[in-house]
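As structure tokens, the structure follows; a few thoughts come after it.
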Amino acid sequence: MFKLFANAQVLQPDLSIKHCDILVQDDCFYDLLEPGTPCSKPVESEVDLGRQMVFPGLINAHDHLIDSCWAGLGTTPVENWFDWDRSVHESYEYKLMQRLSVTDLYVVGMYKNIISGATTVVDHFPAEISATFNGHPLVSLLEHFYMAHSVSHHQLKWGANPAEQFRQARGILPFIIHAGEGSHQEIREEIEQLNRMGAIEKNTVLVNGTFLEEADLQLIASRGAAIVWLPTSSERIFARHPDIKRISELGIPLTIGTDSSTSGSTTLLAELKKAWLYAKDHLDGAIAARDLIKMATSDAARIFGIEKQTGSILPGRRADFIVFKQQPDSDIFEQFISMKPAHFSMVVHKGMMMIGNDEFRKISAIDFSQYSEVKIDGMTKILYGQPSQLIERIRHKLNSAVVFPYFDIASED
């Protein structure tokens, strides 16, 4: 099935803007056509975007989908991640959250992402856990990777053998591991320990990195490994950020994630804004808004080895994209980062509108009994699924009302 998204202003891989028509076949981009060019394919549905901007769907480089409930739990700031983690597990809210099903929590996390334009998510848990949710309509999860929590004595026990996980990645698939999440001596020695294992290479993705030191960063840069920046998590839990300026100077590949909602994070869009403000205040403009967009799209795709699947709007890539109206006389990248999710006209995943304005419902050409009419931040939207039923089920299990800071959805009567 072919769909035509006509009259669009499309972000190119080099961050230029091109006026064109977007032809989508099933779940992939098929072609970018000159505006008004007659289409040789049988188009089943067409919509005029009215020269609105089209950006690739964002890639959330690290999220705890299962921890998508209350935001900002635990004692902060702390010196080490395990101190915070212990305080979270002792909290009343965390214990209450155990009443909820894994599936409901994962789906809430998926809604959190798709509403904010994140169409691809790298989940915190190993593939044998997250794979249950592969193929979900709302978002795509990274499927092919190896993972360990960390190499310190305090590591969480899933994926507990980093050397074996790295070996199985064969230098090709991403090897994802936390590092630099505290000042404890064992945590400070994590990079050295990984180096002794031979586990710092181009396919290594180091999550967090808040306490990484100069020698660590030099080694990481020399091996071509990447770092995932978690702006809210680092700031709230540790009252500091990684040395982003030095990371940038050394040319270490960098991308951005939300971490868990329990760490205080809300959406990837909010993380981009926090990172942008941090860059303006502390990095002397070394990282601009356009750089952050690249970090969350094509850079992230390259880091996780999925650049031929997503991260850019090119023929053959998955049809994941965000549509929004450009404000006059504004820098388009700064505008994007400053927006709220409710201001997106449409978010498309695999060629299907997951959320959008009512005017675009015809582009999906599907049974709209699969959708709900909702209000997000007071704005009427069409949203895939039955989120109100999900929220009501959660409220029933908790025996109390809960309003997610990133999922403030009310049914449209």
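Each chain in the structure tokens gets a letter, A, B, ..., in the order shown, and its residues are numbered from 1; ligands are numbered from 1 in order too.
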**OP:** Find the residues around A:Asp27 up to 12 Å (only C-alpha atoms counted), leave out those fewer than 3 positions away in its own chain, and share them as a count of residues only.
**Re:** 24
Subject >> Expected answer as a count of residues only: strand (DSSP E or B) residues in stretch 317-404 of chain A >> reply: 26
Original post:
Which neighbours of A:Gln193 fall inside 12 Å, counting only C-alpha atoms, when residues of the same chain fewer than 2 positions from it are skipped, and could you give them as a list in words?
Top reply: Ser150, Val151, Ser152, His153, Pro162, Ala163, Ala179, Gln185, Glu186, Ile187, Arg188, Glu189, Glu190, Ile191, Asn195, Arg196, Met197, Gly198, Ala199, Ile200 and Asp216 of chain A
Generate the output file for the selected residues, C-alpha atoms, as a compact mmCIF listing (two decimals), in the first residue's frame.
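Below is the file that was written, part05.txt:
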# COMPACT_ATOMS: atom_id res chain seq x y z
CA SER A 150 28.02 -2.97 34.79
CA VAL A 151 31.27 -4.58 35.92
CA SER A 152 31.31 -3.46 39.56
CA HIS A 153 30.40 -5.69 42.48
CA PRO A 162 30.09 -8.58 30.66
CA ALA A 163 33.02 -10.44 29.05
CA ALA A 179 29.71 3.08 33.45
CA GLN A 185 36.35 3.02 43.92
CA GLU A 186 34.93 0.02 42.05
CA ILE A 187 32.90 2.34 39.80
CA ARG A 188 35.96 4.52 39.15
CA GLU A 189 37.80 1.39 38.00
CA GLU A 190 35.06 0.19 35.63
CA ILE A 191 36.67 1.51 32.44
CA ASN A 195 39.69 -2.43 29.06
CA ARG A 196 41.39 -5.46 30.61
CA MET A 197 38.53 -7.56 29.25
CA GLY A 198 39.09 -6.07 25.81
CA ALA A 199 35.49 -4.87 25.94
CA ILE A 200 35.92 -1.26 24.89
CA ASP A 216 38.75 7.15 30.89
Subject >> Spatial neighbours of A:Leu49, max dist 6 Å, only C-alpha atoms, sep filter under 3 positions, as a list of chain:residue names >> reply: A:Ala6, A:Asn7, A:Ala8, A:Gln52
Output N, CA and C atoms of each residue in that selection to a file, as a CSV table (one decimal), in the first residue's frame.
chain,number,residue,atom,x,y,z
A,6,ALA,N,2.2,14.8,0.8
A,6,ALA,CA,2.6,15.8,-0.2
A,6,ALA,C,3.0,17.1,0.5
A,7,ASN,N,3.8,17.9,-0.3
A,7,ASN,CA,4.0,19.3,0.1
A,7,ASN,C,4.7,19.4,1.5
A,8,ALA,N,5.8,18.7,1.7
A,8,ALA,CA,6.5,18.7,3.0
A,8,ALA,C,7.8,19.4,2.9
A,52,GLN,N,4.4,21.8,6.0
A,52,GLN,CA,4.9,21.6,7.3
A,52,GLN,C,6.2,20.9,7.4
**OP:** Report the distance between atom CA of A:Gln165 and atom CA of A:Glu192 in Å, rounded to one decimal place.
**Re:** 17.3 Å
Subject >> Among the residues A:Val347, A:Ile66, A:Met97, A:Val121, the one that comes closest to A:Asn134 [using only C-alpha atoms] >> reply: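 Answer, going by the shortest atom-to-atom distance: A:Val121.
Going from atom CA of A:Asp48 to atom CA of A:Leu4 covers 8.4 Å.
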Can you list every residue of stretch 277-357 of chain A that has an atom at most 12 Å from stretch 217-237 of chain A, with its nearest atom pair and the distance in Å to one decimal, using only C-alpha atoms, ordered by chain then number, as JSON lines?
{"residue": "A:Leu277", "atom": "CA", "partner": "A:Pro231", "partner_atom": "CA", "distance": 10.4}
{"residue": "A:Tyr278", "atom": "CA", "partner": "A:Pro231", "partner_atom": "CA", "distance": 8.7}
{"residue": "A:Ala279", "atom": "CA", "partner": "A:Pro231", "partner_atom": "CA", "distance": 10.8}
{"residue": "A:Leu292", "atom": "CA", "partner": "A:Trp229", "partner_atom": "CA", "distance": 11.0}
{"residue": "A:Met295", "atom": "CA", "partner": "A:Val228", "partner_atom": "CA", "distance": 9.7}
{"residue": "A:Ala296", "atom": "CA", "partner": "A:Val228", "partner_atom": "CA", "distance": 10.3}
{"residue": "A:Asp299", "atom": "CA", "partner": "A:Ala226", "partner_atom": "CA", "distance": 10.2}
{"residue": "A:Ala300", "atom": "CA", "partner": "A:Val228", "partner_atom": "CA", "distance": 9.1}
{"residue": "A:Ala301", "atom": "CA", "partner": "A:Ala226", "partner_atom": "CA", "distance": 11.9}
{"residue": "A:Arg302", "atom": "CA", "partner": "A:Ala226", "partner_atom": "CA", "distance": 10.3}
{"residue": "A:Ile303", "atom": "CA", "partner": "A:Ala226", "partner_atom": "CA", "distance": 6.9}
{"residue": "A:Phe304", "atom": "CA", "partner": "A:Ala226", "partner_atom": "CA", "distance": 9.5}
{"residue": "A:Gly305", "atom": "CA", "partner": "A:Ala226", "partner_atom": "CA", "distance": 11.9}
Original post:
DSSP on the backbone: what in stretch 312-361 of chain A comes out helix (DSSP H, G or I), as a list in words?
Top reply: Ile332, Phe333, Glu334, Gln335, Phe336, Ile337, Ser338, Pro341, Ala342, His343, Asp358, Glu359, Phe360 and Arg361 of chain A
Those residues with C-alpha atoms, as a PDB file, in the first residue's frame please?
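Output contents, as saved in selection-v2.pdb:
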ATOM      1  CA  ILE A 332      13.915  25.286  13.144  1.00  0.00           C
ATOM      2  CA  PHE A 333      16.096  23.166  15.465  1.00  0.00           C
ATOM      3  CA  GLU A 334      15.683  25.458  18.446  1.00  0.00           C
ATOM      4  CA  GLN A 335      11.962  25.603  17.781  1.00  0.00           C
ATOM      5  CA  PHE A 336      11.726  21.815  17.704  1.00  0.00           C
ATOM      6  CA  ILE A 337      13.531  21.411  21.016  1.00  0.00           C
ATOM      7  CA  SER A 338      11.376  24.116  22.615  1.00  0.00           C
ATOM      8  CA  PRO A 341       4.576  17.069  22.292  1.00  0.00           C
ATOM      9  CA  ALA A 342       1.024  18.351  21.941  1.00  0.00           C
ATOM     10  CA  HIS A 343       2.265  20.794  19.301  1.00  0.00           C
ATOM     11  CA  ASP A 358      -7.968  14.980  13.522  1.00  0.00           C
ATOM     12  CA  GLU A 359      -7.412  16.456  10.050  1.00  0.00           C
ATOM     13  CA  PHE A 360      -4.896  13.698   9.306  1.00  0.00           C
ATOM     14  CA  ARG A 361      -6.994  10.680  10.225  1.00  0.00           C
TER      15      ARG A 361
END
Give me the stretch 56-158 of chain A side of the contact with stretch 263-270 of chain A, cut-off 7 Å, one line per residue showing its nearest atom pair and distance in Å at one decimal, counting only C-alpha atoms, sorted by chain and residue number, as CSV.
residue,atom,partner,partner_atom,distance
A:Asn60,CA,A:Leu268,CA,6.4
A:Ala71,CA,A:Gly264,CA,4.7
A:Gly72,CA,A:Gly264,CA,3.7
A:Leu73,CA,A:Ser263,CA,6.2
A:Lys112,CA,A:Thr267,CA,6.5
A:Asn113,CA,A:Thr267,CA,6.5
A:Ser116,CA,A:Leu269,CA,5.9
A:Ala118,CA,A:Leu268,CA,6.9
Give me a file of those residues, with C-alpha atoms, as a compact mmCIF listing (two decimals), in the first residue's frame.
# COMPACT_ATOMS: atom_id res chain seq x y z
CA ASN A 60 15.64 7.18 22.75
CA ALA A 71 8.67 10.49 38.19
CA GLY A 72 11.43 11.42 40.59
CA LEU A 73 11.65 8.74 43.30
CA LYS A 112 5.49 8.26 26.74
CA ASN A 113 7.91 7.85 23.85
CA SER A 116 7.08 12.93 22.33
CA ALA A 118 10.51 8.92 19.92
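Distance annotation: of A:Phe404, A:Phe166, A:Phe82, A:Tyr384, the residue with the minimal separation from A:Gly182 is A:Phe82; atom set is only C-alpha atoms.
With distances restricted to only C-alpha atoms, A:Phe5 is the closest residue to A:Asp31 from A:Trp70, A:Phe5, A:Tyr146, A:Phe324.
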Original post:
What is the distance, in Å and to one decimal place, between atom CA of A:Leu141 and atom CA of A:Glu44?
Top reply: 28.4 Å
Original post:
Which residues, written as an MDAnalysis selection string, have at least one atom at most 8 Å from A:His19, with only C-alpha atoms counted and residues fewer than 3 positions away on the same chain left out?
Top reply: chainID A and resid 7:10 34:35 51
Can those selected residues be exported to a file as a PDB file, in the first residue's frame so that it contains N, CA and C atoms?
ATOM      1  N   ASN A   7       3.797  17.877  -0.268  1.00  0.00           N
ATOM      2  CA  ASN A   7       4.045  19.274   0.093  1.00  0.00           C
ATOM      3  C   ASN A   7       4.673  19.389   1.489  1.00  0.00           C
ATOM      4  N   ALA A   8       5.794  18.679   1.669  1.00  0.00           N
ATOM      5  CA  ALA A   8       6.478  18.654   2.967  1.00  0.00           C
ATOM      6  C   ALA A   8       7.821  19.359   2.890  1.00  0.00           C
ATOM      7  N   GLN A   9       8.279  19.832   4.016  1.00  0.00           N
ATOM      8  CA  GLN A   9       9.628  20.382   4.172  1.00  0.00           C
ATOM      9  C   GLN A   9      10.420  19.359   4.994  1.00  0.00           C
ATOM     10  N   VAL A  10      11.275  18.610   4.328  1.00  0.00           N
ATOM     11  CA  VAL A  10      11.861  17.411   4.916  1.00  0.00           C
ATOM     12  C   VAL A  10      13.307  17.649   5.349  1.00  0.00           C
ATOM     13  N   GLU A  34       9.892  15.276  -6.303  1.00  0.00           N
ATOM     14  CA  GLU A  34       9.728  16.716  -6.499  1.00  0.00           C
ATOM     15  C   GLU A  34       8.263  17.066  -6.306  1.00  0.00           C
ATOM     16  N   PRO A  35       7.969  18.172  -5.650  1.00  0.00           N
ATOM     17  CA  PRO A  35       6.565  18.517  -5.370  1.00  0.00           C
ATOM     18  C   PRO A  35       5.714  18.528  -6.644  1.00  0.00           C
ATOM     19  N   ARG A  51       3.281  22.307   3.516  1.00  0.00           N
ATOM     20  CA  ARG A  51       4.659  22.771   3.745  1.00  0.00           C
ATOM     21  C   ARG A  51       5.074  22.689   5.215  1.00  0.00           C
TER      22      ARG A  51
END
Original post:
Counting only C-alpha atoms, what is within 9 Å of A:Pro387, bar same-chain residues fewer than 3 positions away, as JSON, numbers by chain?
Top reply: {"A": [108, 111, 372, 374, 383, 384, 390, 391, 392, 409, 411]}
Subject >> Nearest to A:Gly311, chosen from A:His89, A:His149, A:His136, A:Lys294, with only C-alpha atoms counted in the distances >> reply: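 Answer, going by the shortest atom-to-atom distance: A:Lys294.
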